[in-house]
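Chemist: Below you'll find structure_13.csv; it's CSV, C-alpha atoms.
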chain,number,residue,atom,x,y,z
A,20,MET,CA,3.3,5.7,-12.9
A,21,PRO,CA,4.3,3.9,-9.6
A,22,GLY,CA,0.7,3.4,-8.6
A,23,ASP,CA,0.1,1.0,-11.6
A,24,ARG,CA,2.2,-1.6,-9.7
A,25,LEU,CA,2.0,-0.5,-6.1
A,26,ASP,CA,0.3,-2.7,-3.5
A,27,LEU,CA,1.0,-1.4,0.0
A,28,PHE,CA,0.2,-4.8,1.4
A,29,GLY,CA,1.9,-6.8,-1.3
A,30,ALA,CA,4.8,-9.2,-0.6
A,31,ASP,CA,7.1,-7.3,-3.0
A,32,PHE,CA,6.5,-3.9,-1.3
A,33,VAL,CA,6.8,-5.4,2.2
A,34,ARG,CA,10.0,-7.1,1.4
A,35,ASP,CA,11.6,-4.1,-0.3
A,36,PRO,CA,9.6,-0.9,-0.3
A,37,TYR,CA,12.5,1.4,-1.3
A,38,PRO,CA,12.1,1.3,-5.1
A,39,TRP,CA,8.5,2.3,-4.8
A,40,LEU,CA,9.2,5.0,-2.2
A,41,ASP,CA,11.9,6.4,-4.4
A,42,LEU,CA,9.6,6.5,-7.4
A,43,LEU,CA,6.8,8.2,-5.4
A,44,ARG,CA,9.2,10.8,-4.1
A,45,THR,CA,10.5,11.8,-7.5
A,46,ASP,CA,7.6,11.2,-9.8
A,47,ALA,CA,4.4,11.6,-7.7
A,48,PRO,CA,5.2,13.2,-4.3
A,49,VAL,CA,1.4,13.4,-3.6
A,50,HIS,CA,-0.1,10.4,-5.2
A,51,HIS,CA,-3.6,9.0,-5.0
A,52,ASP,CA,-3.6,5.3,-4.3
A,53,GLU,CA,-6.8,3.8,-5.9
A,54,ALA,CA,-6.6,0.6,-3.9
A,55,THR,CA,-6.9,2.3,-0.5
A,56,GLY,CA,-8.3,5.7,-1.4
A,57,LEU,CA,-5.3,7.3,0.4
A,58,TRP,CA,-3.2,10.2,-0.8
A,59,LEU,CA,0.5,9.1,-0.4
A,60,VAL,CA,2.8,11.9,0.7
A,61,SER,CA,6.4,10.9,0.4
A,62,ARG,CA,8.8,13.9,0.4
A,63,HIS,CA,10.4,14.9,3.7
A,64,GLN,CA,9.5,18.6,3.5
A,65,ASP,CA,5.8,17.7,2.7
A,66,VAL,CA,5.5,15.1,5.4
A,67,ARG,CA,7.0,17.5,7.9
A,68,ARG,CA,4.6,20.3,6.8
A,69,VAL,CA,1.6,18.0,7.3
A,70,LEU,CA,2.7,16.8,10.7
A,71,SER,CA,3.5,20.3,11.9
A,72,ASP,CA,0.1,21.9,10.9
A,73,ALA,CA,-2.6,20.1,13.0
A,74,SER,CA,-5.2,22.8,12.2
A,75,VAL,CA,-5.3,21.9,8.5
A,76,PHE,CA,-4.2,18.3,8.6
A,77,LEU,CA,-6.2,16.7,11.4
A,78,PRO,CA,-5.2,13.5,13.3
A,79,ASP,CA,-8.9,12.2,13.5
A,80,ASN,CA,-8.3,9.2,11.2
A,81,ALA,CA,-5.0,8.0,12.8
A,82,GLN,CA,-6.6,4.9,14.4
A,83,HIS,CA,-9.4,4.1,11.9
A,84,ALA,CA,-9.5,0.6,10.6
A,85,VAL,CA,-7.8,0.4,7.2
A,86,ALA,CA,-9.9,-2.5,5.9
A,87,PRO,CA,-13.7,-2.3,6.3
A,88,LEU,CA,-15.0,-4.2,9.3
A,89,PRO,CA,-17.8,-6.7,8.5
A,90,ILE,CA,-21.1,-6.6,10.6
A,91,ALA,CA,-20.0,-9.7,12.6
A,92,VAL,CA,-16.8,-8.0,13.6
A,93,LEU,CA,-18.6,-4.8,14.6
A,94,ARG,CA,-21.0,-6.8,16.7
A,95,THR,CA,-18.2,-8.6,18.4
A,96,LEU,CA,-16.5,-5.2,19.2
A,97,ALA,CA,-19.8,-3.7,20.3
A,98,LYS,CA,-20.4,-6.6,22.6
A,99,ALA,CA,-17.1,-5.8,24.3
A,100,GLY,CA,-18.0,-2.1,24.6
A,101,PHE,CA,-15.2,-1.2,22.3
A,102,THR,CA,-14.8,2.5,21.4
A,103,LEU,CA,-11.8,4.7,20.8
A,104,PRO,CA,-12.8,8.3,21.5
A,105,PRO,CA,-10.2,11.0,20.8
A,106,ALA,CA,-7.4,10.7,23.4
A,107,LEU,CA,-3.8,10.9,22.0
A,108,ALA,CA,-2.9,10.0,18.4
A,109,ASN,CA,-6.4,10.6,17.1
A,110,ASN,CA,-7.2,13.7,19.2
A,111,GLY,CA,-7.4,17.1,17.5
A,112,THR,CA,-9.5,18.7,20.3
A,113,GLY,CA,-8.6,21.0,23.2
A,114,SER,CA,-8.2,18.0,25.6
A,115,HIS,CA,-5.1,16.8,23.8
A,116,ALA,CA,-2.6,19.1,25.4
A,117,GLY,CA,-3.5,18.1,29.0
A,118,LEU,CA,-3.5,14.4,28.2
A,119,ARG,CA,-0.1,14.7,26.5
A,120,ARG,CA,1.3,16.5,29.5
A,121,LEU,CA,0.1,13.6,31.7
A,122,VAL,CA,1.7,11.0,29.4
A,123,ASN,CA,5.0,13.0,29.3
A,124,ARG,CA,5.2,12.8,33.0
A,125,PHE,CA,5.7,9.0,32.7
A,126,PHE,CA,8.2,9.3,29.7
A,127,ASN,CA,10.2,12.3,30.5
A,128,ALA,CA,14.0,12.4,30.8
A,129,ARG,CA,14.1,11.7,34.5
A,130,ARG,CA,11.8,8.7,34.2
A,131,VAL,CA,13.8,7.3,31.3
A,132,ALA,CA,17.1,7.7,33.2
A,133,ALA,CA,15.6,6.0,36.2
A,134,ALA,CA,14.4,3.2,33.8
A,135,VAL,CA,17.9,2.3,32.6
A,136,PRO,CA,18.5,-0.2,35.4
A,137,VAL,CA,15.1,-1.8,34.8
A,138,ILE,CA,15.9,-2.2,31.1
A,139,GLU,CA,19.3,-3.6,31.8
A,140,ARG,CA,18.0,-6.1,34.4
A,141,CYS,CA,15.2,-7.3,32.1
A,142,ALA,CA,17.6,-7.6,29.2
A,143,GLU,CA,20.0,-9.7,31.2
A,144,GLU,CA,17.2,-12.0,32.4
A,145,LEU,CA,15.9,-12.6,29.0
A,146,LEU,CA,19.4,-13.2,27.6
A,147,ASP,CA,20.1,-15.8,30.3
A,148,THR,CA,17.5,-17.9,28.7
A,149,ALA,CA,18.4,-17.1,25.1
A,150,GLN,CA,22.1,-17.8,25.7
A,151,ALA,CA,21.2,-21.2,27.3
A,152,ARG,CA,19.2,-22.2,24.3
A,153,ILE,CA,22.0,-21.2,21.9
A,154,GLU,CA,24.5,-23.3,24.0
A,155,ALA,CA,22.0,-26.2,23.9
A,156,ASP,CA,20.7,-26.0,20.4
A,157,GLY,CA,23.1,-23.8,18.5
A,158,HIS,CA,20.5,-21.3,17.5
A,159,GLU,CA,17.7,-19.0,18.8
A,160,ASP,CA,15.1,-16.6,17.6
A,161,LEU,CA,15.9,-13.3,19.3
A,162,PHE,CA,12.6,-11.7,18.2
A,163,ALA,CA,10.3,-14.1,20.1
A,164,SER,CA,12.5,-14.6,23.1
A,165,TYR,CA,14.0,-11.1,23.5
A,166,ALA,CA,13.1,-8.2,21.2
A,167,GLN,CA,9.3,-8.7,21.5
A,168,VAL,CA,9.3,-9.3,25.3
A,169,LEU,CA,11.8,-6.8,26.6
A,170,PRO,CA,9.8,-3.6,26.0
A,171,CYS,CA,6.6,-5.2,27.3
A,172,ARG,CA,8.2,-6.1,30.6
A,173,VAL,CA,9.8,-2.6,30.9
A,174,LEU,CA,6.5,-0.8,30.1
A,175,MET,CA,4.6,-2.9,32.6
A,176,GLU,CA,7.1,-2.0,35.3
A,177,LEU,CA,7.3,1.7,34.4
A,178,LEU,CA,3.5,2.2,34.2
A,179,GLY,CA,2.6,0.0,37.1
A,180,VAL,CA,0.6,-2.5,35.0
A,181,ARG,CA,-0.7,-5.4,37.0
A,182,GLY,CA,-3.1,-8.3,36.5
A,183,VAL,CA,-1.9,-9.5,33.1
A,184,THR,CA,1.1,-11.4,31.8
A,185,PRO,CA,3.5,-10.0,29.1
A,186,ASP,CA,2.5,-12.8,26.7
A,187,THR,CA,-1.1,-11.8,27.0
A,188,LEU,CA,-0.5,-8.1,26.5
A,189,ILE,CA,1.7,-8.8,23.5
A,190,ARG,CA,-1.0,-11.1,22.0
A,191,TRP,CA,-3.7,-8.4,22.5
A,192,SER,CA,-1.5,-5.7,21.1
A,193,ASP,CA,-0.5,-7.6,18.0
A,194,ALA,CA,-4.1,-8.5,17.4
A,195,SER,CA,-5.1,-4.8,17.6
A,196,LEU,CA,-2.4,-3.8,15.1
A,197,GLU,CA,-3.4,-6.4,12.6
A,198,LEU,CA,-7.2,-5.7,12.9
A,199,PHE,CA,-6.9,-1.9,12.5
A,200,TRP,CA,-3.8,-1.6,10.3
A,201,GLY,CA,-3.8,-4.9,8.3
A,202,ARG,CA,-5.8,-6.4,5.5
A,203,PRO,CA,-6.9,-9.7,7.0
A,204,SER,CA,-9.6,-12.0,5.7
A,205,ALA,CA,-13.1,-11.7,7.2
A,206,GLU,CA,-12.6,-14.9,9.2
A,207,ARG,CA,-9.3,-13.6,10.6
A,208,GLN,CA,-10.9,-10.2,11.4
A,209,LEU,CA,-13.4,-12.0,13.6
A,210,GLU,CA,-10.7,-13.9,15.5
A,211,LEU,CA,-8.8,-10.6,16.0
A,212,ALA,CA,-11.9,-8.8,17.2
A,213,GLU,CA,-12.4,-11.4,19.9
A,214,LEU,CA,-8.8,-10.7,21.2
A,215,VAL,CA,-9.3,-6.9,20.8
A,216,GLY,CA,-12.5,-7.1,22.7
A,217,GLU,CA,-10.7,-9.0,25.5
A,218,PHE,CA,-8.1,-6.3,25.6
A,219,HIS,CA,-10.7,-3.5,25.8
A,220,ARG,CA,-12.7,-5.3,28.6
A,221,TRP,CA,-9.5,-5.7,30.6
A,222,LEU,CA,-8.5,-2.1,30.1
A,223,THR,CA,-12.0,-0.9,31.1
A,224,ASP,CA,-12.0,-3.0,34.3
A,225,THR,CA,-8.5,-1.9,35.1
A,226,VAL,CA,-9.4,1.8,34.7
A,227,ARG,CA,-12.5,1.5,36.7
A,228,SER,CA,-10.6,-0.3,39.5
A,229,ALA,CA,-8.0,2.5,39.5
A,230,THR,CA,-10.8,5.2,39.7
A,231,SER,CA,-12.2,3.6,42.9
A,232,SER,CA,-8.9,2.6,44.5
A,233,PRO,CA,-7.4,4.7,47.4
A,234,ASP,CA,-4.6,7.1,46.6
A,235,VAL,CA,-1.2,5.4,46.7
A,236,LEU,CA,2.3,6.4,45.8
A,237,PRO,CA,3.9,6.1,43.4
A,238,GLU,CA,0.9,6.8,41.3
A,239,SER,CA,0.5,4.4,38.3
A,240,PHE,CA,-0.2,5.6,34.8
A,241,ILE,CA,-3.8,4.3,34.9
A,242,GLN,CA,-4.5,5.9,38.2
A,243,ALA,CA,-3.2,9.2,36.9
A,244,LEU,CA,-5.5,8.9,33.8
A,245,SER,CA,-8.5,8.0,35.9
A,246,ARG,CA,-8.1,11.1,37.9
A,247,HIS,CA,-7.3,13.5,35.1
A,248,LEU,CA,-9.6,16.5,34.6
A,249,LEU,CA,-10.5,18.0,31.2
A,250,PRO,CA,-10.0,21.7,30.4
A,251,GLU,CA,-13.6,22.4,31.7
A,252,GLY,CA,-12.9,20.7,35.0
A,253,GLU,CA,-14.9,17.5,34.1
A,254,PRO,CA,-13.4,14.1,34.8
A,255,LEU,CA,-11.7,12.4,31.8
A,256,GLY,CA,-14.2,9.5,31.8
A,257,THR,CA,-13.6,5.8,31.5
A,258,ALA,CA,-13.9,5.5,27.7
A,259,THR,CA,-11.3,8.2,27.0
A,260,ALA,CA,-8.9,6.9,29.6
A,261,VAL,CA,-9.2,3.4,28.1
A,262,SER,CA,-8.6,4.9,24.6
A,263,ALA,CA,-5.4,6.5,25.9
A,264,CYS,CA,-4.2,3.3,27.5
A,265,PHE,CA,-5.0,1.4,24.3
A,266,PHE,CA,-2.7,3.6,22.3
A,267,VAL,CA,0.1,3.9,24.9
A,268,PHE,CA,0.2,0.2,25.7
A,269,ILE,CA,0.5,-0.7,22.0
A,270,ALA,CA,2.9,2.0,21.0
A,271,GLY,CA,5.0,1.6,24.2
A,272,GLN,CA,5.8,-2.1,23.6
A,273,SER,CA,4.8,-3.5,20.2
A,274,THR,CA,6.5,-0.8,18.1
A,275,THR,CA,9.6,-0.7,20.4
A,276,GLY,CA,9.8,-4.5,20.0
A,277,GLN,CA,9.7,-4.1,16.2
A,278,LEU,CA,12.4,-1.4,16.4
A,279,ILE,CA,14.7,-3.7,18.5
A,280,ALA,CA,14.2,-6.6,16.1
A,281,THR,CA,15.1,-4.4,13.1
A,282,VAL,CA,18.1,-2.9,14.9
A,283,LEU,CA,19.4,-6.4,15.8
A,284,ARG,CA,18.9,-7.8,12.3
A,285,ARG,CA,20.5,-4.9,10.6
A,286,ALA,CA,23.5,-4.8,13.0
A,287,LEU,CA,24.1,-8.5,12.6
A,288,GLY,CA,24.1,-8.1,8.9
A,289,GLU,CA,26.4,-5.1,8.7
A,290,PRO,CA,30.0,-6.1,8.1
A,291,GLY,CA,32.4,-5.3,10.9
A,292,LEU,CA,29.8,-3.6,13.2
A,293,TRP,CA,29.0,-6.4,15.7
A,294,PRO,CA,32.5,-6.4,17.5
A,295,ARG,CA,32.5,-2.6,17.8
A,296,LEU,CA,29.2,-2.2,19.6
A,297,VAL,CA,30.4,-2.8,23.1
A,298,PRO,CA,33.9,-1.1,23.1
A,299,GLU,CA,33.0,1.9,21.0
A,300,ALA,CA,31.1,4.5,23.1
A,301,GLY,CA,27.9,5.8,21.6
A,302,LEU,CA,27.9,3.4,18.6
A,303,ALA,CA,24.8,1.5,19.7
A,304,GLU,CA,22.9,4.7,20.0
A,305,ALA,CA,24.1,6.0,16.7
A,306,TRP,CA,23.1,2.7,15.0
A,307,VAL,CA,19.6,2.9,16.5
A,308,GLU,CA,19.2,6.4,15.1
A,309,GLU,CA,20.3,5.4,11.6
A,310,VAL,CA,17.9,2.5,11.7
A,311,LEU,CA,15.1,4.8,12.7
A,312,ARG,CA,16.0,7.0,9.7
A,313,ARG,CA,16.2,4.2,7.1
A,314,GLU,CA,13.9,1.5,8.4
A,315,PRO,CA,11.6,2.7,11.2
A,316,PRO,CA,9.0,0.3,12.6
A,317,VAL,CA,6.3,2.9,12.1
A,318,THR,CA,6.5,3.3,8.3
A,319,THR,CA,3.5,5.6,7.7
A,320,TRP,CA,0.9,7.6,9.6
A,321,ARG,CA,-2.4,9.1,8.6
A,322,ARG,CA,-4.0,12.6,8.5
A,323,VAL,CA,-7.2,14.1,7.0
A,324,THR,CA,-7.6,17.5,5.5
A,325,ALA,CA,-9.8,20.0,7.4
A,326,ARG,CA,-10.4,22.1,4.3
A,327,PRO,CA,-9.2,22.3,0.7
A,328,VAL,CA,-5.5,22.7,0.5
A,329,GLU,CA,-2.6,22.6,-1.9
A,330,LEU,CA,0.3,20.3,-1.1
A,331,ALA,CA,3.3,20.0,-3.3
A,332,GLY,CA,1.4,21.4,-6.2
A,333,THR,CA,-1.6,19.0,-5.8
A,334,GLN,CA,-5.0,20.3,-4.9
A,335,LEU,CA,-6.6,18.3,-2.1
A,336,PRO,CA,-10.3,18.5,-1.2
A,337,ALA,CA,-11.6,18.7,2.4
A,338,GLY,CA,-11.7,15.3,3.9
A,339,ALA,CA,-8.8,13.9,1.8
A,340,GLN,CA,-7.3,10.9,3.6
A,341,LEU,CA,-3.5,11.3,3.7
A,342,LEU,CA,-0.9,8.6,4.2
A,343,LEU,CA,2.5,10.1,5.3
A,344,MET,CA,5.3,7.9,4.1
A,345,LEU,CA,7.6,8.3,7.1
A,346,MET,CA,9.9,5.6,6.0
A,347,GLY,CA,10.3,7.1,2.5
A,348,SER,CA,11.0,10.6,4.0
A,349,GLY,CA,14.0,9.2,5.9
A,350,SER,CA,15.6,8.3,2.5
A,351,ASP,CA,14.9,11.6,0.9
A,352,PRO,CA,18.2,12.6,-0.8
A,353,ALA,CA,17.2,16.2,-0.5
A,354,VAL,CA,17.9,15.8,3.2
A,355,PHE,CA,20.1,12.8,3.7
A,356,ALA,CA,23.2,12.2,1.5
A,357,GLU,CA,23.5,8.7,0.2
A,358,PRO,CA,20.3,7.7,2.0
A,359,GLU,CA,20.7,4.0,1.1
A,360,ARG,CA,24.0,3.7,3.0
A,361,MET,CA,23.9,3.0,6.7
A,362,CYS,CA,26.1,5.6,8.2
A,363,PRO,CA,26.1,5.8,12.0
A,364,ARG,CA,26.9,9.2,13.4
A,365,ARG,CA,25.5,10.9,10.2
A,366,ALA,CA,25.5,14.6,11.2
A,367,ASN,CA,21.8,15.3,10.5
A,368,VAL,CA,20.3,11.9,11.4
A,369,ARG,CA,18.0,13.4,14.0
A,370,HIS,CA,16.1,15.2,11.1
A,371,HIS,CA,14.3,12.0,10.4
A,372,LEU,CA,10.5,11.8,11.1
A,373,ALA,CA,10.3,8.3,12.6
A,374,PHE,CA,8.7,9.7,15.7
A,375,GLY,CA,6.6,12.3,13.9
A,376,ALA,CA,6.8,16.0,14.5
A,377,GLY,CA,4.7,18.8,16.0
A,378,ARG,CA,2.2,18.5,18.8
A,379,HIS,CA,1.6,14.8,18.1
A,380,ARG,CA,5.3,13.8,18.2
A,381,CYS,CA,5.7,10.4,20.0
A,382,PRO,CA,6.1,11.1,23.7
A,383,GLY,CA,7.9,7.8,24.2
A,384,ALA,CA,10.7,8.5,21.7
A,385,SER,CA,13.4,8.9,24.3
A,386,LEU,CA,12.4,5.6,26.0
A,387,ALA,CA,12.3,3.7,22.7
A,388,ARG,CA,15.7,5.0,21.7
A,389,THR,CA,17.1,4.1,25.1
A,390,GLU,CA,15.6,0.6,25.2
A,391,ALA,CA,16.8,-0.2,21.6
A,392,ALA,CA,20.4,0.9,22.4
A,393,ILE,CA,20.6,-1.0,25.6
A,394,ALA,CA,19.0,-4.1,24.0
A,395,LEU,CA,21.5,-4.0,21.2
A,396,ARG,CA,24.6,-3.5,23.4
A,397,ALA,CA,23.5,-6.2,25.8
A,398,VAL,CA,23.2,-8.8,23.0
A,399,ALA,CA,26.5,-7.8,21.5
A,400,ARG,CA,28.2,-8.2,24.9
A,401,ARG,CA,26.5,-11.4,25.9
A,402,LEU,CA,26.6,-13.1,22.5
A,403,PRO,CA,29.7,-11.8,20.6
A,404,GLU,CA,30.0,-15.1,18.7
A,405,VAL,CA,26.6,-15.2,17.1
A,406,ARG,CA,25.7,-14.4,13.5
A,407,LEU,CA,22.5,-14.4,11.5
A,408,ALA,CA,21.4,-17.9,10.6
A,409,PRO,CA,20.8,-18.5,6.9
A,410,GLU,CA,17.0,-18.1,7.4
A,411,GLY,CA,17.7,-14.9,9.2
A,412,ALA,CA,18.8,-13.2,6.0
A,413,ARG,CA,15.2,-13.2,4.6
A,414,PRO,CA,12.8,-13.4,7.6
A,415,PRO,CA,9.1,-13.2,7.4
A,416,MET,CA,8.1,-9.6,7.7
A,417,LEU,CA,5.2,-7.8,9.5
A,418,GLY,CA,3.6,-5.9,6.7
A,419,LEU,CA,0.8,-3.7,8.0
A,420,LEU,CA,-0.2,-0.3,6.6
A,421,SER,CA,1.9,1.5,9.2
A,422,PHE,CA,4.1,-1.1,10.7
A,423,ARG,CA,7.0,-3.1,9.2
A,424,ALA,CA,9.6,-5.3,11.0
A,425,PRO,CA,11.1,-8.8,10.9
A,426,LEU,CA,9.1,-11.4,12.7
A,427,GLU,CA,12.2,-13.5,13.3
A,428,VAL,CA,15.8,-12.7,14.2
A,429,VAL,CA,17.3,-16.2,14.1
A,430,VAL,CA,20.9,-16.3,15.2
A,431,GLU,CA,23.4,-19.2,15.4
A,432,ARG,CA,26.9,-19.8,16.8
A,433,GLN,CA,29.7,-19.2,14.4
A,434,SER,CA,31.6,-22.3,13.4
A,435,GLY,CA,34.5,-23.1,15.7
A,436,ARG,CA,33.1,-21.0,18.6
Taking this structure as input, can you express it in the form of structure tokens?
Modeler:
Amino acid sequence: MPGDRLDLFGADFVRDPYPWLDLLRTDAPVHHDEATGLWLVSRHQDVRRVLSDASVFLPDNAQHAVAPLPIAVLRTLAKAGFTLPPALANNGTGSHAGLRRLVNRFFNARRVAAAVPVIERCAEELLDTAQARIEADGHEDLFASYAQVLPCRVLMELLGVRGVTPDTLIRWSDASLELFWGRPSAERQLELAELVGEFHRWLTDTVRSATSSPDVLPESFIQALSRHLLPEGEPLGTATAVSACFFVFIAGQSTTGQLIATVLRRALGEPGLWPRLVPEAGLAEAWVEEVLRREPPVTTWRRVTARPVELAGTQLPAGAQLLLMLMGSGSDPAVFAEPERMCPRRANVRHHLAFGAGRHRCPGASLARTEAAIALRAVARRLPEVRLAPEGARPPMLGLLSFRAPLEVVVERQSGR
């Protein structure tokens, strides 16, 4: 049984999860993990069913902390006024549709198309520095200097975020991911809670300032949230607006940075691909899509059953905590032929579930795809001579319950260049 050896946070699983994901899919498509108490759902058709039926499989637990939070951590968060009422990813109530429409206004096709020059400008500015360091030192980490920073700068410009630096927003976002989706020690949890509390306080102050500020155009994302009305006509309220911002600010930059890092690392390691990315139209976009299928940054997502239900022949009680193996579903051979092979322009690649499905499908999917493709093409154009450094072949990996990506993409000049 795969569960006898499976550790969702273990180094072996984080380094290479595919053998376990394959075993789960074939031997135990709905498997109870004793260590976490979660039911692991791994087949594509079952994951899609859960994501598509929000009345039976509720999103209420999507942002719950994976590891229990000690009293000292809870006190630290309470002191900061931290709360995450239902807003977007964790919202199964009637207010979700209106909030989602508001978010979609800032991430629709027109906005994404208008963002292309912003993405390209930010990419070029960051690559100026990276290229200079490669010329001076012969190597550079494109995760720290490029992949991680680019989506944060873009998001801040698109949403009109002011009063914070990209470095600070990245630090707050990373701390939030680790605290709620990781398995840190109690001491580390307390350190993370301080940062998450700072993040929440800043968001709260920013939302309150937007609520009292005069109407200006163009309206920022936070201003739009602060003036949003619930279905009954009541104002959204500061706490829910902060909860929405908390999710959008993390999903809009941390996970996109993780995607860009994975896209770069896999492209640099794929024989013959790097020289083709600039001259071959659409190849960068096709590569991004194939990475999303095989190695998405959001590897899992959670749901909870509203009532007893049967899933893939397994009887689940009401309140069963499900972990949807998004990464494993992208390698399901029942949907994708030769799933282990990276095959850009695969005919059915868009059938992957990296951005979810149904009413909670990621509203920023188009922006993430666009950013990753532009980021990849820009590096291939500016740095055609680089290759992965020896340490780049096995980088340290982010290994949280729902997030996985390389924490370094170290490149170097090829000899003789």
Chemist: Given all atoms listed in the file as the basis, pick out the residue of A:Ala86, A:Leu77, A:Met344, A:Ala54 nearest to A:Pro203.
Modeler: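 Counting all atoms listed in the file, the residue closest to A:Pro203 is A:Ala86.
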Chemist: Which is closer to A:Cys381 than all the others in A:Ala132, A:Ala270, A:Met346, A:Leu145, using all atoms listed in the file?
Modeler: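 When distances to A:Cys381 are compared using all atoms listed in the file, the smallest one comes from A:Ala270.
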Chemist: With the cut-off set at 12 Å and counting all atoms listed in the file, tabulate each residue of stretch 32-79 of chain A with an atom at most that distance from an atom of stretch 423-430 of chain A, showing the nearest atom pair and its distance in Å to one decimal, ordered by chain and increasing number, as a tab-separated table.
Modeler:
residue	atom	partner	partner_atom	distance
A:Phe32	CA	A:Arg423	CA	10.5
A:Val33	CA	A:Arg423	CA	7.4
A:Arg34	CA	A:Arg423	CA	9.3
A:Asp35	CA	A:Arg423	CA	10.6
A:Pro36	CA	A:Arg423	CA	10.1
Chemist: Could you write those residues out with C-alpha atoms, as a PDB file, keeping the file's coordinate frame?
Modeler:
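Produced file part-v5.pdb, reproduced below:
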ATOM      1  CA  PHE A  32       6.500  -3.900  -1.300  1.00  0.00           C
ATOM      2  CA  VAL A  33       6.800  -5.400   2.200  1.00  0.00           C
ATOM      3  CA  ARG A  34      10.000  -7.100   1.400  1.00  0.00           C
ATOM      4  CA  ASP A  35      11.600  -4.100  -0.300  1.00  0.00           C
ATOM      5  CA  PRO A  36       9.600  -0.900  -0.300  1.00  0.00           C
TER       6      PRO A  36
END
Chemist: Using only C-alpha atoms for the distances, tell me which of A:Pro89, A:Arg369, A:Gly349, A:Arg364 is nearest to A:Ser204.
Modeler: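 Selected residue with least distance to A:Ser204: A:Pro89.
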Chemist: How close does each residue of stretch 231-338 of chain A get to stretch 110-126 of chain A, giving the shortest atom pair and distance in Å to one decimal for every residue with an atom at most 9 Å away, counting only C-alpha atoms, sorted by chain and residue number, as a Markdown table?
Modeler:
| residue | atom | partner | partner_atom | distance |
| --- | --- | --- | --- | --- |
| A:Ser239 | CA | A:Phe125 | CA | 8.9 |
| A:Phe240 | CA | A:Phe125 | CA | 7.1 |
| A:Ala243 | CA | A:Leu121 | CA | 7.6 |
| A:Leu244 | CA | A:Leu121 | CA | 7.6 |
| A:His247 | CA | A:Leu118 | CA | 7.9 |
| A:Leu248 | CA | A:Gly117 | CA | 8.4 |
| A:Leu249 | CA | A:Ser114 | CA | 6.1 |
| A:Pro250 | CA | A:Ser114 | CA | 6.3 |
| A:Ala263 | CA | A:Leu118 | CA | 8.4 |
| A:Val267 | CA | A:Val122 | CA | 8.6 |
Chemist: Nearest to A:Val282 among A:Val310, A:Ala155, A:Val183, A:Leu330, with distances taken over only C-alpha atoms: which residue is it?
Modeler: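 Selected residue with least distance to A:Val282: A:Val310.
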Chemist: Enter the distance from atom CA of A:Leu93 to atom CA of A:Cys171, in Å, rounded to one decimal.
Modeler: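 Interatomic distance, atom CA of A:Leu93 to atom CA of A:Cys171: 28.2 Å.
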Chemist: Give me the residues within 12 Å of A:Leu27 as an NGL selection string, counting only C-alpha atoms and dropping any in the same chain fewer than 2 places off.
Modeler: :A and (21-25 or 29-37 or 39-40 or 52-57 or 59 or 85 or 200-202 or 318-319 or 342 or 344 or 418-423)
Chemist: Write out as number ranges by chain the residues lying within 10 Å of A:Ala397, counting all atoms listed in the file and excluding same-chain residues fewer than 3 positions away.
Modeler: A: 139, 142-143, 146, 296-297, 303, 391-394, 400-403
Chemist: Any idea what the distance is between atom CA of A:Phe355 and atom CA of A:Glu304?
Modeler: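 Separation between atom CA of A:Phe355 and atom CA of A:Glu304: 18.4 Å.
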Chemist: The residues within 9 Å of (-4.5, 1.0, 27.1), using all atoms listed in the file and the coordinates of the file, should be reported as a PyMOL selection string; which are they?
Modeler: chain A and resi 218-219+222-223+241+260-269
Chemist: Could the centre and edge lengths of an axis-aligned box, enclosing all atoms of stretch 418-428 of chain A in the file with 8 Å extra on each side, be given in Å to one decimal as lines of an AutoDock Vina configuration file?
Modeler:
center_x = 7.8
center_y = -6.0
center_z = 10.4
size_x = 32.0
size_y = 31.0
size_z = 23.6
Chemist: Would you kindly return, as a tab-separated table (two decimals) with C-alpha atoms, in the coordinates of the input, each protein, DNA or RNA residue with an atom no farther than 10 Å from any atom of A:Arg68, considering only C-alpha atoms and excluding same-chain residues fewer than 4 positions away?
Modeler:
chain	number	residue	atom	x	y	z
A	62	ARG	CA	8.80	13.90	0.40
A	63	HIS	CA	10.40	14.90	3.70
A	64	GLN	CA	9.50	18.60	3.50
A	72	ASP	CA	0.10	21.90	10.90
A	73	ALA	CA	-2.60	20.10	13.00
A	76	PHE	CA	-4.20	18.30	8.60
A	330	LEU	CA	0.30	20.30	-1.10
A	376	ALA	CA	6.80	16.00	14.50
A	377	GLY	CA	4.70	18.80	16.00
Chemist: Please identify all polymer residues within 8 Å of A:Glu159, counting all atoms listed in the file, omitting same-chain residues fewer than 3 positions from it, and present them as a ChimeraX atom specification.
Modeler: /A:149,152-153,156,429-431
Chemist: Please determine, counting only C-alpha atoms, which residue among A:Asp224, A:Val398, A:Arg313, A:Arg207 has the shortest atom-to-atom distance to A:Pro358.
Modeler: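 The closest residue to A:Pro358 is A:Arg313.
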Chemist: Could you tell me how far atom CA of A:Pro48 lies from atom CA of A:His379, in Å and to one decimal?
Modeler: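 Atom CA of A:His379 lies 22.7 Å from atom CA of A:Pro48.
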Chemist: For A:Pro316, which of A:Pro363, A:Arg140, A:Leu417, A:Arg380 is the closest residue, counting all atoms listed in the file?
Modeler: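 Checking each candidate against A:Pro316, we get A:Leu417 as the closest.
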